[in-house]
Structures are given as structure tokens and as C-alpha cells.
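Dumped upload.pdb below, it's PDB, C-alpha atoms and all ligand atoms:
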ATOM      1  CA  MET V 495       0.000   0.000   0.000
ATOM      2  CA  TYR V 496       1.160   3.536  -0.741
ATOM      3  CA  SER V 497       1.870   5.639   2.314
ATOM      4  CA  ARG V 498       2.160   9.415   2.253
ATOM      5  CA  LYS V 499       4.431   9.268   5.278
ATOM      6  CA  LYS V 500       7.143   7.817   3.074
ATOM      7  CA  SER V 501       7.295  10.884   0.854
ATOM      8  CA  PHE V 502      10.923  11.506   1.822
ATOM      9  CA  GLU V 503      11.952   8.360   0.021
ATOM     10  CA  VAL V 504      13.607   8.906  -3.321
ATOM     11  CA  VAL V 505      10.912   8.881  -5.937
ATOM     12  CA  PRO V 506      12.050   7.146  -9.109
ATOM     13  CA  GLU V 507      11.473   9.078 -12.295
ATOM     14  CA  GLU V 508      10.326   7.744 -15.596
ATOM     15  CA  GLU V 509      10.200   9.207 -19.096
ATOM     16  CA  THR V 510       6.507   9.866 -19.364
ATOM     17  CA  ALA V 511       4.474  10.653 -22.448
ATOM     18  CA  ILE V 512       3.088  14.169 -22.222
ATOM     19  CA  TRP V 513       1.549  16.862 -24.379
ATOM     20  CA  LEU V 514       3.508  20.086 -24.784
ATOM     21  CA  CYS V 515       2.112  23.467 -25.756
ATOM     22  CA  THR V 516       3.532  24.719 -29.079
ATOM     23  CA  ASN V 517       3.350  28.346 -27.998
ATOM     24  CA  ASP V 518       6.874  29.564 -27.231
ATOM     25  CA  GLY V 519       5.579  31.915 -24.573
ATOM     26  CA  CYS V 520       3.706  29.165 -22.755
ATOM     27  CA  ASN V 521       5.293  26.366 -20.753
ATOM     28  CA  SER V 522       2.089  24.458 -20.281
ATOM     29  CA  TRP V 523       2.058  20.666 -20.560
ATOM     30  CA  MET V 524      -0.065  17.790 -19.384
ATOM     31  CA  ARG V 525       0.288  14.099 -18.883
ATOM     32  CA  ASP V 526      -0.796  11.932 -21.769
ATOM     33  CA  ASP V 527      -2.815   9.942 -19.233
ATOM     34  CA  PHE V 528      -5.249  12.781 -18.935
ATOM     35  CA  SER V 529      -5.770  13.439 -22.613
ATOM     36  CA  PHE V 530      -7.797  11.744 -25.309
ATOM     37  CA  GLU V 531      -6.946  10.234 -28.651
ATOM     38  CA  VAL V 532      -7.252  13.575 -30.417
ATOM     39  CA  VAL V 533      -4.607  16.295 -30.192
ATOM     40  CA  PRO V 534      -5.538  18.485 -27.247
ATOM     41  CA  THR V 535      -5.385  22.260 -27.141
ATOM     42  CA  CYS V 536      -3.618  24.152 -24.407
ATOM     43  CA  ARG V 537      -5.945  25.069 -21.598
ATOM     44  CA  GLN V 538      -4.069  28.321 -21.034
ATOM     45  CA  CYS V 539      -3.566  29.747 -24.530
ATOM     46  CA  GLN V 540      -5.620  27.422 -26.775
ATOM     47  CA  SER V 541      -2.604  26.572 -28.951
ATOM     48  CA  PRO V 542      -2.336  23.052 -30.372
ATOM     49  CA  MET V 543      -0.188  20.674 -28.347
ATOM     50  CA  VAL V 544       2.435  18.192 -29.514
ATOM     51  CA  SER V 545       3.335  14.887 -27.919
ATOM     52  CA  GLY V 546       6.663  14.595 -26.161
ATOM     53  CA  THR V 547       8.262  13.094 -23.096
ATOM     54  CA  LYS V 548       9.258  14.424 -19.708
ATOM     55  CA  ALA V 549      10.965  12.796 -16.741
ATOM     56  CA  LEU V 550       8.285  12.638 -14.093
ATOM     57  CA  PRO V 551       8.068  10.892 -10.730
ATOM     58  CA  LEU V 552       6.482   7.495 -11.049
ATOM     59  CA  LEU V 553       2.867   7.446 -10.063
ATOM     60  CA  VAL V 554       1.380   4.817  -7.834
ATOM     61  CA  ASN V 555       0.479   1.624  -9.605
ATOM     62  CA  THR V 556      -3.208   2.373  -9.766
ATOM     63  CA  SER V 557      -2.781   5.093 -12.367
ATOM     64  CA  LYS V 558      -0.766   2.762 -14.577
ATOM     65  CA  ASN V 559      -3.567   0.283 -14.318
ATOM     66  CA  GLN V 560      -5.988   2.984 -15.314
ATOM     67  CA  LYS V 561      -3.946   3.791 -18.389
ATOM     68  CA  ASP V 562      -3.833   0.128 -19.333
ATOM     69  CA  LEU V 563      -7.555  -0.046 -18.892
ATOM     70  CA  LYS V 564      -8.052   2.981 -21.082
ATOM     71  CA  LYS V 565      -5.891   1.458 -23.796
ATOM     72  CA  GLY V 566      -7.735  -1.816 -23.606
ATOM     73  CA  VAL V 567     -11.157  -0.245 -23.771
ATOM     74  CA  GLN V 568     -11.463   2.315 -26.524
ATOM     75  CA  ILE V 569     -13.627   5.126 -25.236
ATOM     76  CA  THR V 570     -14.388   7.884 -27.712
TER      77      THR V 570
HETATM   78 ZN    ZN V 601      -0.180  27.136 -24.018
END

Now that the file is in, can you turn its structure into C-alpha cells?
Ligand SMILES: [Zn+2]
Amino acid sequence: MYSRKKSFEVVPEEETAIWLCTNDGCNSWMRDDFSFEVVPTCRQCQSPMVSGTKALPLLVNTSKNQKDLKKGVQIT
């Protein structure tokens, strides 16, 4: 089980698929987990976003399971 009291442990990072805003003046990005099959638009400046990767702390296993579920069941 995940415990918040262990937050001082070193959190491993993983290259994670994300969406990046194409607007040079905007540093907005979001995890691919939270997007849909279509290319999202930036919530801050409405520019189109491009897929990329970013080193992010690993999430607890449940979110990986959710992503697997989403890939297995095509929801549109
Ligand atoms: Zn933006």
C-alpha cells in the first residue's frame, strides 16, 4: 500500500508521455494519461499541443492500471 508518510523516500522518475504546448511563450504541458486520442489544445492559450516526453516521478500503480484499462477499452 502507498503511504504518504514515506514521501521523503527517493521517488524514481520515468520518461513519461506528455503533451507540450507549441506556444513559445507558454510552458504548459499535461500528462498523456489525462488526454484523449485527439490532439488536445492548451488550456491556457488554446494553442495546439504536440506529444513529447518528460521525466516525471512514477505514479502509484493504480494510475498505470488505469492507463492500461483505457488502452484496452477504446472510449471515444
Ligand atoms: Zn499554451

Rows by chain and residue number, chain V within 9 Å of ligand ZN 601 (chain V), shortest pair, all atoms listed in the file, as a Markdown table:
| residue | atom | partner | partner_atom | distance |
| --- | --- | --- | --- | --- |
| V:Leu514 | CA | V:ZN601 | ZN | 8.0 |
| V:Cys515 | CA | V:ZN601 | ZN | 4.7 |
| V:Thr516 | CA | V:ZN601 | ZN | 6.7 |
| V:Asn517 | CA | V:ZN601 | ZN | 5.5 |
| V:Asp518 | CA | V:ZN601 | ZN | 8.1 |
| V:Gly519 | CA | V:ZN601 | ZN | 7.5 |
| V:Cys520 | CA | V:ZN601 | ZN | 4.6 |
| V:Asn521 | CA | V:ZN601 | ZN | 6.4 |
| V:Ser522 | CA | V:ZN601 | ZN | 5.1 |
| V:Trp523 | CA | V:ZN601 | ZN | 7.7 |
| V:Thr535 | CA | V:ZN601 | ZN | 7.8 |
| V:Cys536 | CA | V:ZN601 | ZN | 4.6 |
| V:Arg537 | CA | V:ZN601 | ZN | 6.6 |
| V:Gln538 | CA | V:ZN601 | ZN | 5.0 |
| V:Cys539 | CA | V:ZN601 | ZN | 4.3 |
| V:Gln540 | CA | V:ZN601 | ZN | 6.1 |
| V:Ser541 | CA | V:ZN601 | ZN | 5.5 |
| V:Pro542 | CA | V:ZN601 | ZN | 7.9 |
| V:Met543 | CA | V:ZN601 | ZN | 7.8 |

Give the centre and edge lengths of an axis-aligned box, in Å to one decimal, that holds all listed atoms of stretch 502-518 of chain V with 4 Å on each side, as lines of an AutoDock Vina configuration file.
center_x = 7.6
center_y = 18.4
center_z = -13.6
size_x = 20.1
size_y = 30.4
size_z = 38.9

Problem - Spatial neighbours of V:Glu509, 7 Å, all atoms listed in the file, chain gap at least 2 places, as a VMD selection string - result: chain V and resid 507 511 547 to 550

Contacts of V:Asp526 at 8 Å or less, counting only C-alpha atoms, minus same-chain residues fewer than 6 places along, as an mmCIF file with C-alpha atoms, in the coordinates of the input?
data_model
loop_
_atom_site.group_PDB
_atom_site.id
_atom_site.type_symbol
_atom_site.label_atom_id
_atom_site.label_comp_id
_atom_site.auth_asym_id
_atom_site.auth_seq_id
_atom_site.Cartn_x
_atom_site.Cartn_y
_atom_site.Cartn_z
ATOM 1 C CA THR V 510 6.507 9.866 -19.364
ATOM 2 C CA ALA V 511 4.474 10.653 -22.448
ATOM 3 C CA ILE V 512 3.088 14.169 -22.222
ATOM 4 C CA TRP V 513 1.549 16.862 -24.379
ATOM 5 C CA SER V 545 3.335 14.887 -27.919
#

Output stretch 529-547 of chain V from the block with N, CA and C atoms, as a short mmCIF file (atom, residue, chain, number, x, y, z; two decimals), in the first residue's frame?
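Result file is selection_5.cif:
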data_model
loop_
_atom_site.label_atom_id
_atom_site.label_comp_id
_atom_site.auth_asym_id
_atom_site.auth_seq_id
_atom_site.Cartn_x
_atom_site.Cartn_y
_atom_site.Cartn_z
N SER V 529 -5.26 12.94 -21.35
CA SER V 529 -5.77 13.44 -22.61
C SER V 529 -6.52 12.34 -23.36
N PHE V 530 -7.04 12.69 -24.52
CA PHE V 530 -7.80 11.74 -25.31
C PHE V 530 -7.02 11.39 -26.57
N GLU V 531 -7.63 10.66 -27.44
CA GLU V 531 -6.95 10.23 -28.65
C GLU V 531 -6.65 11.41 -29.58
N VAL V 532 -7.46 12.42 -29.54
CA VAL V 532 -7.25 13.58 -30.42
C VAL V 532 -6.19 14.48 -29.83
N VAL V 533 -5.59 15.34 -30.67
CA VAL V 533 -4.61 16.30 -30.19
C VAL V 533 -5.31 17.35 -29.35
N PRO V 534 -4.87 17.50 -28.11
CA PRO V 534 -5.54 18.49 -27.25
C PRO V 534 -5.08 19.90 -27.55
N THR V 535 -5.82 20.86 -27.07
CA THR V 535 -5.38 22.26 -27.14
C THR V 535 -5.02 22.72 -25.74
N CYS V 536 -4.09 23.64 -25.69
CA CYS V 536 -3.62 24.15 -24.41
C CYS V 536 -4.76 24.82 -23.66
N ARG V 537 -4.87 24.49 -22.39
CA ARG V 537 -5.95 25.07 -21.60
C ARG V 537 -5.67 26.53 -21.27
N GLN V 538 -4.39 26.95 -21.41
CA GLN V 538 -4.07 28.32 -21.03
C GLN V 538 -4.09 29.27 -22.22
N CYS V 539 -3.64 28.82 -23.39
CA CYS V 539 -3.57 29.75 -24.53
C CYS V 539 -4.26 29.19 -25.77
N GLN V 540 -4.84 28.03 -25.68
CA GLN V 540 -5.62 27.42 -26.78
C GLN V 540 -4.78 27.04 -27.97
N SER V 541 -3.44 27.01 -27.84
CA SER V 541 -2.60 26.57 -28.95
C SER V 541 -2.66 25.05 -29.06
N PRO V 542 -2.39 24.51 -30.26
CA PRO V 542 -2.34 23.05 -30.37
C PRO V 542 -1.16 22.51 -29.57
N MET V 543 -1.26 21.26 -29.14
CA MET V 543 -0.19 20.67 -28.35
C MET V 543 0.45 19.53 -29.13
N VAL V 544 1.72 19.28 -28.86
CA VAL V 544 2.43 18.19 -29.51
C VAL V 544 2.86 17.17 -28.46
N SER V 545 2.94 15.92 -28.87
CA SER V 545 3.33 14.89 -27.92
C SER V 545 4.84 14.93 -27.70
N GLY V 546 5.26 14.61 -26.50
CA GLY V 546 6.66 14.59 -26.16
C GLY V 546 6.84 13.75 -24.92
N THR V 547 8.03 13.83 -24.33
CA THR V 547 8.26 13.09 -23.10
C THR V 547 8.88 14.01 -22.07
#
